[in-house]
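Enquirer: One structure, pasted below without further comment.
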Amino acid sequence: MDKKPPVSIFWFRRDLRLDDNAGLYYALKSGYPVLSVFIFDKEILDQLEDKDDARVTFIHQTIKDLDNKLQQHGSSLLVLHDKAEHAWNVLLKDYDIKAVFTNHDYEPYAKIRDEAIGTLLKKHNITFNTYKDQVIFEKDEIVKDDGKPCTVYTPYQRKWHQKLTSFYLKAYPNKKYFKNFLTIAAFPIPSLKQLGFEKNDREFPEIHYENLIADYAGKRDFPAINGTTHIGLHLRFGTVSIRELAGAANAFQEKTWLNELIWREFYMMILYHFPQTADHAFKPEYDRIKWVNDEKQFIAWCNGETGYPLVDAGMRELNATGYMQNRVRMVAASFLSKDLLIDWRWGERYFASKLLDYEMASNVGGWQWAAGSGTDAVPYFRIFNPDSQLKKFDPESKYIKKWVPEYADSRYPKPIIDHAFARERCLKAFKQALI
């Protein structure tokens, strides 16, 4: 029997690129040839209801691209379809693994999974090395003066800017070490059908942000304008480096765009320290709210048939494209949780099922912000008026006409609720819960 060659393994997850990848950089410098591995995790895939989920198609395409790049260096990507722990037991049998490298993942399931894999590897005397890669600052790097987590965004943002130096934006020079990939024949990649999915024909945004950064602050709130970068999908799966993006924002001196990246890191830090907020209010007293949870009204909201054109346009855009502009996300979320008094978790789950750029920390954080139950210091009586938001941010109704062509037509439904009535009802319900 041939002796198995010693290898280091790099486990790709939310970092699907070869360049400027922290964990991969350290794997390539480990002294052993690097075997690249990706696991289509059944624990995650089995929870997806839509079998043509566009995100699975995007990952599958990205994995094939990654494998092609590895083949240019005489290597290949080993792609497994399994539960993570079982996949690692197979790898332990098939390879003489000296060390495993990967990048941190901060979501609750990922933390539990990584702890289990770390324990398994330790039993075999294999080190499990994980690195910061998807954020500039993580965990306890930005804290209050007393060492506790920052739970309000503005002071967090201030400290983030103060701490930032060119050191944190420096790219990892991975290319220097590509010769250290394990030389191996190409592995077969499971098809989407073998994974239990179908191809989604949706178009995915390219990594394209330079010409949008310059006027981002002036255009980002207007949904009819192509004023945002649509970079969220690439950040979610690590097809672009956060150091590259933060560095670009710094170079353009575009604080507004950089602050949006900081919001993402703030919510990741919050979810890391307060994992219960994935499905419980950050402010526990908000879990006492008596939601109406009218299922017919929820379906109308999901389908973009509320009679409020800005809400409806946003929901239809989401359903058709997997994207919704941020200002419209806030209006749609406020309308569901405050006008309709439907539990924010219902909306969070719906967004989670539809958004191409779905990221648990940002989605939960954004929904709790809209519901008033999160970290935000603004009182709960901030309630967006969908009609005044429409006049302010889509004054010529260009966005509305694109997604709600029957607007101002007898076919368009009447509002499912009166906003003035809904506002008063919301204030009353919240006051009763917070006494």
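Residues in the structure tokens are numbered from 1 in each chain, the chains being A, B, ... in the order shown, and ligands are numbered from 1 in the order shown.
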When you look at Ala300 (chain A) with a cut-off of 12 Å (counting only C-alpha atoms), what residues show up, excluding the ones that are within fewer than 6 positions of it in the same chain? I need them as a list in words.

Expert: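 The residues satisfying every condition are Asp294, Thr306, Gly307, Tyr308, Val311, Asp312, Met315, Arg316, Phe335, Leu336, Leu340, Pro413, Lys414, Pro415, Ile416 and Ile417 of chain A.
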
Enquirer: Selection from above, N, CA and C atoms, as a CSV table (one decimal), in the first residue's frame, can you write it?

Expert:
chain,number,residue,atom,x,y,z
A,294,ASP,N,-50.9,38.8,11.6
A,294,ASP,CA,-52.0,38.5,10.6
A,294,ASP,C,-51.4,37.8,9.4
A,306,THR,N,-49.4,45.3,-0.7
A,306,THR,CA,-49.9,46.0,0.5
A,306,THR,C,-50.7,47.2,0.2
A,307,GLY,N,-50.6,47.7,-1.0
A,307,GLY,CA,-51.2,49.0,-1.4
A,307,GLY,C,-50.3,50.2,-1.0
A,308,TYR,N,-49.1,49.9,-0.5
A,308,TYR,CA,-48.1,51.0,-0.3
A,308,TYR,C,-47.0,50.7,-1.3
A,311,VAL,N,-43.1,50.0,-0.5
A,311,VAL,CA,-43.0,48.6,0.1
A,311,VAL,C,-43.2,47.6,-0.9
A,312,ASP,N,-44.2,47.7,-1.7
A,312,ASP,CA,-44.5,46.7,-2.8
A,312,ASP,C,-43.4,46.6,-3.8
A,315,MET,N,-40.5,44.7,-2.3
A,315,MET,CA,-40.7,43.2,-2.1
A,315,MET,C,-40.7,42.5,-3.5
A,316,ARG,N,-41.2,43.2,-4.5
A,316,ARG,CA,-41.2,42.5,-5.8
A,316,ARG,C,-39.8,42.5,-6.4
A,335,PHE,N,-42.5,48.7,8.0
A,335,PHE,CA,-43.9,48.5,7.7
A,335,PHE,C,-44.4,47.2,8.2
A,336,LEU,N,-43.6,46.2,8.1
A,336,LEU,CA,-44.0,44.9,8.6
A,336,LEU,C,-44.1,44.9,10.1
A,340,LEU,N,-47.9,46.8,10.5
A,340,LEU,CA,-48.7,45.5,10.5
A,340,LEU,C,-48.5,44.8,11.9
A,413,PRO,N,-54.0,47.4,-5.6
A,413,PRO,CA,-54.8,47.2,-4.4
A,413,PRO,C,-54.8,48.5,-3.5
A,414,LYS,N,-55.9,48.7,-2.8
A,414,LYS,CA,-56.0,49.7,-1.8
A,414,LYS,C,-55.1,49.3,-0.6
A,415,PRO,N,-54.6,50.3,0.2
A,415,PRO,CA,-53.7,49.9,1.4
A,415,PRO,C,-54.4,48.9,2.3
A,416,ILE,N,-53.7,47.9,2.7
A,416,ILE,CA,-54.2,46.9,3.6
A,416,ILE,C,-54.4,47.4,5.0
A,417,ILE,N,-53.8,48.6,5.3
A,417,ILE,CA,-54.0,49.2,6.6
A,417,ILE,C,-53.8,50.7,6.5

Enquirer: Set out as a tab-separated table a contact list for region 19-137 of chain A and region 239-249 of chain A with a cut-off of 7 Å, giving each residue of region 19-137 of chain A that qualifies its closest atom pair and distance in Å to one decimal, counting only C-alpha atoms, ordered by chain and rising residue number.

Expert:
residue	atom	partner	partner_atom	distance
A:Asp20	CA	A:Ser241	CA	6.6
A:Gln134	CA	A:Ile242	CA	6.1
A:Val135	CA	A:Ile242	CA	6.1
A:Ile136	CA	A:Arg243	CA	6.8

Enquirer: May I have the residues from that selection written out with C-alpha atoms, as a short mmCIF file (atom, residue, chain, number, x, y, z; two decimals), in the first residue's frame?

Expert:
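So out.cif came out as:
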data_model
loop_
_atom_site.label_atom_id
_atom_site.label_comp_id
_atom_site.auth_asym_id
_atom_site.auth_seq_id
_atom_site.Cartn_x
_atom_site.Cartn_y
_atom_site.Cartn_z
CA ASP A 20 -5.36 37.91 -0.07
CA GLN A 134 -13.77 38.45 6.60
CA VAL A 135 -13.55 41.58 8.75
CA ILE A 136 -10.98 44.26 9.56
#

Enquirer: Run DSSP on the backbone of this structure and report the residues of region 24-216 of chain A it assigns to alpha helix (DSSP H), as number ranges by chain.

Expert: A: 24-28, 42-45, 54-71, 84-94, 108-123, 153-163, 166-169, 192-195, 210-213, 216

Enquirer: To one decimal place, how far is CA of Tyr407 (chain A) from CA of Phe222 (chain A) in Å?

Expert: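 It comes out at 18.6 Å.
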
Enquirer: May I ask for the distance between CA of Gly23 (chain A) and CA of Phe101 (chain A), given in Å to one decimal place?

Expert: 5.7 Å

Enquirer: When you draw a straight line from CA of Phe282 (chain A) to CA of Asp145 (chain A), how long is it in Å?

Expert: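 Straight-line distance from CA of Phe282 (chain A) to CA of Asp145 (chain A) works out to 21.2 Å.
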
Enquirer: Could you pull the residues within 10 Å of Arg202 (chain A), counting only C-alpha atoms, minus those fewer than 5 positions along the same chain, as a VMD selection string?

Expert: chain A and resid 53 to 55 57 to 58 320 to 322

Enquirer: A:Pro6, A:Gly347, A:Gly227, A:Pro275: which is nearest Arg327 (chain A), counting only C-alpha atoms?

Expert: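 Checking each of A:Pro6, A:Gly347, A:Gly227, A:Pro275 against Arg327 (chain A), counting only C-alpha atoms, the winner is A:Gly227.
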
Enquirer: Report as a VMD selection string all protein, DNA and RNA residues lying within 8 Å of Glu85 (chain A), evaluated on only C-alpha atoms, omitting residues in the same chain fewer than 2 positions from it.

Expert: chain A and resid 83 87 to 89 113 116 to 117

Enquirer: Output all heavy atoms for every residue in that selection, as a PDB file, in the first residue's frame.

Expert:
ATOM      1  N   LYS A  83     -22.179  15.997   5.920  1.00  0.00           N
ATOM      2  CA  LYS A  83     -22.155  16.751   7.174  1.00  0.00           C
ATOM      3  C   LYS A  83     -20.684  16.939   7.553  1.00  0.00           C
ATOM      4  O   LYS A  83     -19.859  16.056   7.315  1.00  0.00           O
ATOM      5  CB  LYS A  83     -22.914  16.003   8.263  1.00  0.00           C
ATOM      6  CG  LYS A  83     -24.414  15.941   7.964  1.00  0.00           C
ATOM      7  CD  LYS A  83     -25.210  15.353   9.098  1.00  0.00           C
ATOM      8  CE  LYS A  83     -26.698  15.418   8.780  1.00  0.00           C
ATOM      9  NZ  LYS A  83     -27.545  14.858   9.852  1.00  0.00           N
ATOM     10  N   ALA A  87     -17.489  14.360   7.045  1.00  0.00           N
ATOM     11  CA  ALA A  87     -16.530  14.673   5.979  1.00  0.00           C
ATOM     12  C   ALA A  87     -15.100  14.668   6.515  1.00  0.00           C
ATOM     13  O   ALA A  87     -14.176  14.148   5.865  1.00  0.00           O
ATOM     14  CB  ALA A  87     -16.849  16.033   5.366  1.00  0.00           C
ATOM     15  N   TRP A  88     -14.929  15.202   7.708  1.00  0.00           N
ATOM     16  CA  TRP A  88     -13.576  15.236   8.289  1.00  0.00           C
ATOM     17  C   TRP A  88     -13.098  13.844   8.704  1.00  0.00           C
ATOM     18  O   TRP A  88     -11.909  13.540   8.625  1.00  0.00           O
ATOM     19  CB  TRP A  88     -13.513  16.232   9.447  1.00  0.00           C
ATOM     20  CG  TRP A  88     -13.313  17.609   8.893  1.00  0.00           C
ATOM     21  CD1 TRP A  88     -14.248  18.586   8.705  1.00  0.00           C
ATOM     22  CD2 TRP A  88     -12.080  18.124   8.378  1.00  0.00           C
ATOM     23  NE1 TRP A  88     -13.675  19.675   8.108  1.00  0.00           N
ATOM     24  CE2 TRP A  88     -12.349  19.433   7.904  1.00  0.00           C
ATOM     25  CE3 TRP A  88     -10.783  17.628   8.277  1.00  0.00           C
ATOM     26  CZ2 TRP A  88     -11.359  20.232   7.329  1.00  0.00           C
ATOM     27  CZ3 TRP A  88      -9.796  18.423   7.709  1.00  0.00           C
ATOM     28  CH2 TRP A  88     -10.096  19.715   7.246  1.00  0.00           C
ATOM     29  N   ASN A  89     -14.019  13.003   9.127  1.00  0.00           N
ATOM     30  CA  ASN A  89     -13.618  11.616   9.427  1.00  0.00           C
ATOM     31  C   ASN A  89     -13.129  10.899   8.170  1.00  0.00           C
ATOM     32  O   ASN A  89     -12.167  10.122   8.211  1.00  0.00           O
ATOM     33  CB  ASN A  89     -14.792  10.854  10.052  1.00  0.00           C
ATOM     34  CG  ASN A  89     -14.901  11.099  11.555  1.00  0.00           C
ATOM     35  OD1 ASN A  89     -13.912  10.975  12.275  1.00  0.00           O
ATOM     36  ND2 ASN A  89     -16.083  11.469  12.012  1.00  0.00           N
ATOM     37  N   ARG A 113     -20.003  24.097  15.044  1.00  0.00           N
ATOM     38  CA  ARG A 113     -19.366  23.173  14.093  1.00  0.00           C
ATOM     39  C   ARG A 113     -17.850  23.194  14.250  1.00  0.00           C
ATOM     40  O   ARG A 113     -17.208  22.136  14.329  1.00  0.00           O
ATOM     41  CB  ARG A 113     -19.751  23.584  12.670  1.00  0.00           C
ATOM     42  CG  ARG A 113     -19.059  22.798  11.560  1.00  0.00           C
ATOM     43  CD  ARG A 113     -19.098  23.569  10.247  1.00  0.00           C
ATOM     44  NE  ARG A 113     -18.373  24.821  10.347  1.00  0.00           N
ATOM     45  CZ  ARG A 113     -18.572  25.872   9.562  1.00  0.00           C
ATOM     46  NH1 ARG A 113     -19.483  25.830   8.615  1.00  0.00           N
ATOM     47  NH2 ARG A 113     -17.851  26.977   9.728  1.00  0.00           N
ATOM     48  N   ALA A 116     -16.571  21.444  17.299  1.00  0.00           N
ATOM     49  CA  ALA A 116     -16.620  19.983  17.147  1.00  0.00           C
ATOM     50  C   ALA A 116     -15.464  19.486  16.269  1.00  0.00           C
ATOM     51  O   ALA A 116     -14.821  18.471  16.589  1.00  0.00           O
ATOM     52  CB  ALA A 116     -17.954  19.571  16.542  1.00  0.00           C
ATOM     53  N   ILE A 117     -15.170  20.205  15.176  1.00  0.00           N
ATOM     54  CA  ILE A 117     -14.079  19.787  14.284  1.00  0.00           C
ATOM     55  C   ILE A 117     -12.741  19.945  14.989  1.00  0.00           C
ATOM     56  O   ILE A 117     -11.849  19.085  14.872  1.00  0.00           O
ATOM     57  CB  ILE A 117     -14.102  20.594  12.966  1.00  0.00           C
ATOM     58  CG1 ILE A 117     -15.435  20.392  12.229  1.00  0.00           C
ATOM     59  CG2 ILE A 117     -12.923  20.201  12.073  1.00  0.00           C
ATOM     60  CD1 ILE A 117     -15.821  18.959  11.965  1.00  0.00           C
TER      61      ILE A 117
END

Enquirer: Rank nothing, just name the residue among A:Gly232, A:Ala370, A:Pro405, A:Glu254 nearest to Leu356 (chain A), using only C-alpha atoms.

Expert: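 Of A:Gly232, A:Ala370, A:Pro405, A:Glu254, the one nearest Leu356 (chain A), counting only C-alpha atoms, is A:Gly232.
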
Enquirer: Env of region 372-376 of chain A: 6 Å cut, atoms = only C-alpha atoms, seq-sep filter 5 positions within chain, self excluded. Answer as a list in words.

Expert: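 With the cut-off at 6 Å, the set is Thr151, Val152, Ala281, Phe282, Lys283 and Tyr286 of chain A.
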
Enquirer: Find the spatial neighbours of Ile231 (chain A), counting only C-alpha atoms, within a cut-off of 8 Å - ignore same-chain residues fewer than 6 positions away - and output them as number ranges by chain.

Expert: A: 205-209

Enquirer: Can you list every residue in region 59-253 of chain A that DSSP puts in strand (DSSP E or B), as number ranges by chain?

Expert: A: 77-82, 96-103, 127-131, 143, 149, 181

Enquirer: Quick one: residues within 10 Å of Trp291 (chain A), only C-alpha atoms counted, chain neighbours fewer than 6 positions away excluded, as a list in words?

Expert: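 In the requested format, the answer is Ser337, Lys338, Leu340, Leu341, Ile342, Asp343, Trp344, Cys426, Ala429 and Phe430 of chain A.
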
Enquirer: I'd like a table as a Markdown table: residues in region 80-114 of chain A with an atom no more than 7 Å from region 28-45 of chain A, each row giving the shortest atom pair and its distance in Å to one decimal, only C-alpha atoms counted, sorted by chain and rising residue number.

Expert:
| residue | atom | partner | partner_atom | distance |
| --- | --- | --- | --- | --- |
| A:Leu80 | CA | A:Ile39 | CA | 4.7 |
| A:His81 | CA | A:Phe40 | CA | 4.7 |
| A:Asp82 | CA | A:Lys42 | CA | 5.4 |
| A:Lys83 | CA | A:Lys42 | CA | 5.1 |
| A:Ala84 | CA | A:Asp41 | CA | 6.0 |

Enquirer: Under the rule that only C-alpha atoms are counted, which of A:Ile289, A:Val90, A:Ala214, A:Ala99 is the nearest residue to Thr256 (chain A)?

Expert: A:Ala214

Enquirer: Restricting the calculation to only C-alpha atoms: of A:Phe298, A:Phe384, A:Phe266, A:Phe181, which residue gets closest to Phe137 (chain A)?

Expert: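 Residue with the minimum atom-to-atom distance to Phe137 (chain A): A:Phe266.
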